[in-house]
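*Asks:* I am attaching a structure below and will ask some questions about it afterwards.
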Amino acid sequence: MIRHNLPALKWRKSPYSDDQQAGCVEIQTTVDDLIAIGDSKDRPRGALTVSPRTWAAFTTAVTRETLQPVS
């Protein structure tokens with residue numbers, strides 16, 4: 001689900017990102033305990049929300065380099 005108008009001060013950027021890059025992924029926890037994922041350079045597009053379990057599975061797969069494409 002896409003959410004708009006999330007609190008600007010709650011966004012957290014990865015320590016691996018810097019302001020010189022074209023776009024940075026940021027996250028924040030919503031009031032209903034979902035994880036919102038957004039583009040720091042294009043916040044008006046909104047943010048994708050996922051459960052904490054889904055976010056943890058995604059970040060684990062990326063870290064372990066086991067992320068599989070969806071058919």
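Residue names in the structure tokens use chain letters A, B, ... in the order shown, residue numbers from 1 in each chain, and ligand numbers from 1 in the order shown.
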What's around Arg53 of chain A at 12 Å? Count only C-alpha atoms, leave out sequence neighbours fewer than 6 positions away in its own chain, and write the answer as a PyMOL selection string.
*Replies:* chain A and resi 33-35+59-60
*Asks:* Which polymer residues have any atom within 9 Å of an atom of Ile2 of chain A, counting only C-alpha atoms, with same-chain residues fewer than 2 positions away left out, as a PyMOL selection string?
*Replies:* chain A and resi 4+36+45-49
*Asks:* As a JSON list (two decimals) with N, CA, C and O atoms, in the first residue's frame, which residues of chain A does DSSP assign to strand (DSSP E or B)?
*Replies:*
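Generated output (part_15.json):
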```json
[["chain", "number", "residue", "atom", "x", "y", "z"],
["A", 2, "ILE", "N", 0.44, 2.28, -0.69],
["A", 2, "ILE", "CA", 1.19, 3.54, -0.75],
["A", 2, "ILE", "C", 0.58, 4.52, 0.25],
["A", 2, "ILE", "O", -0.64, 4.64, 0.36],
["A", 3, "ARG", "N", 1.44, 5.18, 1.00],
["A", 3, "ARG", "CA", 1.00, 6.21, 1.96],
["A", 3, "ARG", "C", 1.60, 7.55, 1.57],
["A", 3, "ARG", "O", 2.73, 7.62, 1.09],
["A", 12, "ARG", "N", 14.33, 7.99, 8.29],
["A", 12, "ARG", "CA", 15.71, 7.61, 8.63],
["A", 12, "ARG", "C", 16.39, 7.15, 7.34],
["A", 12, "ARG", "O", 15.85, 6.32, 6.61],
["A", 13, "LYS", "N", 17.57, 7.66, 7.11],
["A", 13, "LYS", "CA", 18.33, 7.30, 5.92],
["A", 13, "LYS", "C", 19.45, 6.34, 6.30],
["A", 13, "LYS", "O", 20.02, 6.44, 7.38],
["A", 25, "VAL", "N", 17.08, 5.82, -0.33],
["A", 25, "VAL", "CA", 15.92, 5.17, 0.27],
["A", 25, "VAL", "C", 15.90, 5.52, 1.75],
["A", 25, "VAL", "O", 16.91, 5.44, 2.43],
["A", 26, "GLU", "N", 14.73, 5.91, 2.22],
["A", 26, "GLU", "CA", 14.55, 6.21, 3.64],
["A", 26, "GLU", "C", 13.41, 5.36, 4.16],
["A", 26, "GLU", "O", 12.53, 4.94, 3.40],
["A", 27, "ILE", "N", 13.42, 5.11, 5.46],
["A", 27, "ILE", "CA", 12.33, 4.36, 6.08],
["A", 27, "ILE", "C", 11.84, 5.09, 7.32],
["A", 27, "ILE", "O", 12.54, 5.93, 7.89],
["A", 28, "GLN", "N", 10.63, 4.75, 7.72],
["A", 28, "GLN", "CA", 10.10, 5.17, 9.00],
["A", 28, "GLN", "C", 9.03, 4.18, 9.42],
["A", 28, "GLN", "O", 8.45, 3.48, 8.60],
["A", 29, "THR", "N", 8.79, 4.10, 10.72],
["A", 29, "THR", "CA", 7.72, 3.28, 11.25],
["A", 29, "THR", "C", 6.47, 4.13, 11.34],
["A", 29, "THR", "O", 6.52, 5.25, 11.84],
["A", 35, "ILE", "N", 6.29, -0.54, 8.17],
["A", 35, "ILE", "CA", 7.52, 0.11, 7.72],
["A", 35, "ILE", "C", 7.20, 0.83, 6.41],
["A", 35, "ILE", "O", 6.74, 0.21, 5.45],
["A", 36, "ALA", "N", 7.44, 2.13, 6.40],
["A", 36, "ALA", "CA", 7.25, 2.93, 5.19],
["A", 36, "ALA", "C", 8.60, 3.12, 4.52],
["A", 36, "ALA", "O", 9.57, 3.48, 5.18],
["A", 37, "ILE", "N", 8.66, 2.87, 3.21],
["A", 37, "ILE", "CA", 9.89, 2.98, 2.45],
["A", 37, "ILE", "C", 9.68, 4.02, 1.37],
["A", 37, "ILE", "O", 8.74, 3.91, 0.57],
["A", 38, "GLY", "N", 10.52, 5.05, 1.36],
["A", 38, "GLY", "CA", 10.33, 6.12, 0.39],
["A", 38, "GLY", "C", 11.64, 6.61, -0.21],
["A", 38, "GLY", "O", 12.72, 6.30, 0.27],
["A", 39, "ASP", "N", 11.50, 7.38, -1.28],
["A", 39, "ASP", "CA", 12.63, 8.00, -1.98],
["A", 39, "ASP", "C", 12.82, 9.40, -1.42],
["A", 39, "ASP", "O", 11.95, 10.25, -1.55],
["A", 47, "ALA", "N", 5.03, 6.61, -0.08],
["A", 47, "ALA", "CA", 5.92, 5.57, 0.43],
["A", 47, "ALA", "C", 5.20, 4.24, 0.43],
["A", 47, "ALA", "O", 4.01, 4.16, 0.76],
["A", 48, "LEU", "N", 5.92, 3.21, 0.07],
["A", 48, "LEU", "CA", 5.41, 1.85, 0.13],
["A", 48, "LEU", "C", 5.43, 1.40, 1.58],
["A", 48, "LEU", "O", 6.41, 1.62, 2.29],
["A", 49, "THR", "N", 4.35, 0.75, 2.04],
["A", 49, "THR", "CA", 4.34, 0.23, 3.41],
["A", 49, "THR", "C", 4.30, -1.29, 3.39],
["A", 49, "THR", "O", 3.60, -1.90, 2.58],
["A", 50, "VAL", "N", 5.07, -1.87, 4.29],
["A", 50, "VAL", "CA", 5.14, -3.33, 4.44],
["A", 50, "VAL", "C", 5.19, -3.65, 5.93],
["A", 50, "VAL", "O", 5.50, -2.80, 6.76]]
```
*Asks:* Taking the backbone alone, and naming residues the way the document does, which bits of chain A are helix (DSSP H, G or I) by DSSP, as number ranges by chain?
*Replies:* A: 8-10, 43-45, 52-64
*Asks:* Can you write just those residues out, N, CA, C and O atoms, as a compact mmCIF listing (two decimals), in the first residue's frame?
*Replies:*
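The file below, again-v4.txt, is the result:
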```
# COMPACT_ATOMS: atom_id res chain seq x y z
N ALA A 8 7.68 14.26 8.13
CA ALA A 8 9.01 14.48 7.53
C ALA A 8 10.14 14.19 8.51
O ALA A 8 11.20 13.71 8.11
N LEU A 9 9.94 14.47 9.78
CA LEU A 9 11.03 14.31 10.76
C LEU A 9 11.25 12.87 11.20
O LEU A 9 12.21 12.58 11.91
N LYS A 10 10.39 11.94 10.79
CA LYS A 10 10.54 10.55 11.21
C LYS A 10 11.35 9.71 10.22
O LYS A 10 11.68 8.57 10.52
N ARG A 43 9.59 12.57 -2.31
CA ARG A 43 8.60 12.23 -1.28
C ARG A 43 7.15 12.41 -1.72
O ARG A 43 6.28 11.68 -1.25
N PRO A 44 6.83 13.35 -2.61
CA PRO A 44 5.42 13.48 -3.04
C PRO A 44 4.84 12.21 -3.68
O PRO A 44 3.63 12.04 -3.71
N ARG A 45 5.68 11.32 -4.16
CA ARG A 45 5.19 10.06 -4.74
C ARG A 45 4.62 9.13 -3.69
O ARG A 45 3.93 8.16 -4.01
N PRO A 52 6.71 -5.29 9.37
CA PRO A 52 8.09 -5.44 9.86
C PRO A 52 8.71 -6.79 9.45
O PRO A 52 9.89 -6.86 9.13
N ARG A 53 7.91 -7.84 9.44
CA ARG A 53 8.40 -9.16 9.05
C ARG A 53 8.84 -9.17 7.58
O ARG A 53 9.88 -9.73 7.23
N THR A 54 8.04 -8.56 6.71
CA THR A 54 8.39 -8.48 5.29
C THR A 54 9.66 -7.66 5.09
O THR A 54 10.55 -8.04 4.32
N TRP A 55 9.77 -6.54 5.80
CA TRP A 55 10.97 -5.69 5.70
C TRP A 55 12.20 -6.47 6.17
O TRP A 55 13.26 -6.41 5.54
N ALA A 56 12.08 -7.19 7.28
CA ALA A 56 13.21 -7.97 7.80
C ALA A 56 13.62 -9.05 6.81
O ALA A 56 14.82 -9.26 6.59
N ALA A 57 12.66 -9.72 6.19
CA ALA A 57 12.98 -10.75 5.20
C ALA A 57 13.69 -10.14 4.00
O ALA A 57 14.66 -10.70 3.47
N PHE A 58 13.22 -8.98 3.55
CA PHE A 58 13.84 -8.30 2.42
C PHE A 58 15.28 -7.90 2.73
O PHE A 58 16.19 -8.18 1.95
N THR A 59 15.48 -7.22 3.86
CA THR A 59 16.84 -6.76 4.19
C THR A 59 17.79 -7.93 4.43
O THR A 59 18.96 -7.85 4.08
N THR A 60 17.29 -9.01 4.99
CA THR A 60 18.12 -10.21 5.18
C THR A 60 18.52 -10.79 3.83
O THR A 60 19.69 -11.13 3.62
N ALA A 61 17.57 -10.88 2.91
CA ALA A 61 17.88 -11.42 1.58
C ALA A 61 18.89 -10.54 0.84
O ALA A 61 19.79 -11.04 0.17
N VAL A 62 18.75 -9.23 0.97
CA VAL A 62 19.71 -8.32 0.32
C VAL A 62 21.10 -8.50 0.94
O VAL A 62 22.10 -8.61 0.23
N THR A 63 21.16 -8.54 2.26
CA THR A 63 22.44 -8.69 2.95
C THR A 63 23.13 -10.00 2.59
O THR A 63 24.34 -10.03 2.38
N ARG A 64 22.35 -11.07 2.51
CA ARG A 64 22.92 -12.38 2.20
C ARG A 64 23.07 -12.63 0.70
O ARG A 64 23.52 -13.71 0.30
```
*Asks:* Figure out the distance between atom CA of Pro7 of chain A and atom CA of Lys41 of chain A, please, to one decimal in Å.
*Replies:*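 Going from atom CA of Lys41 of chain A over to atom CA of Pro7 of chain A, I get 15.2 Å.
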*Asks:* Name the closest residue to Thr30 of chain A among the candidates A:Met1, A:Tyr16, A:Leu6, A:Asp42; distances are taken between atoms, counting only C-alpha atoms.
*Replies:*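 Distance minimum relative to Thr30 of chain A lands on A:Leu6.
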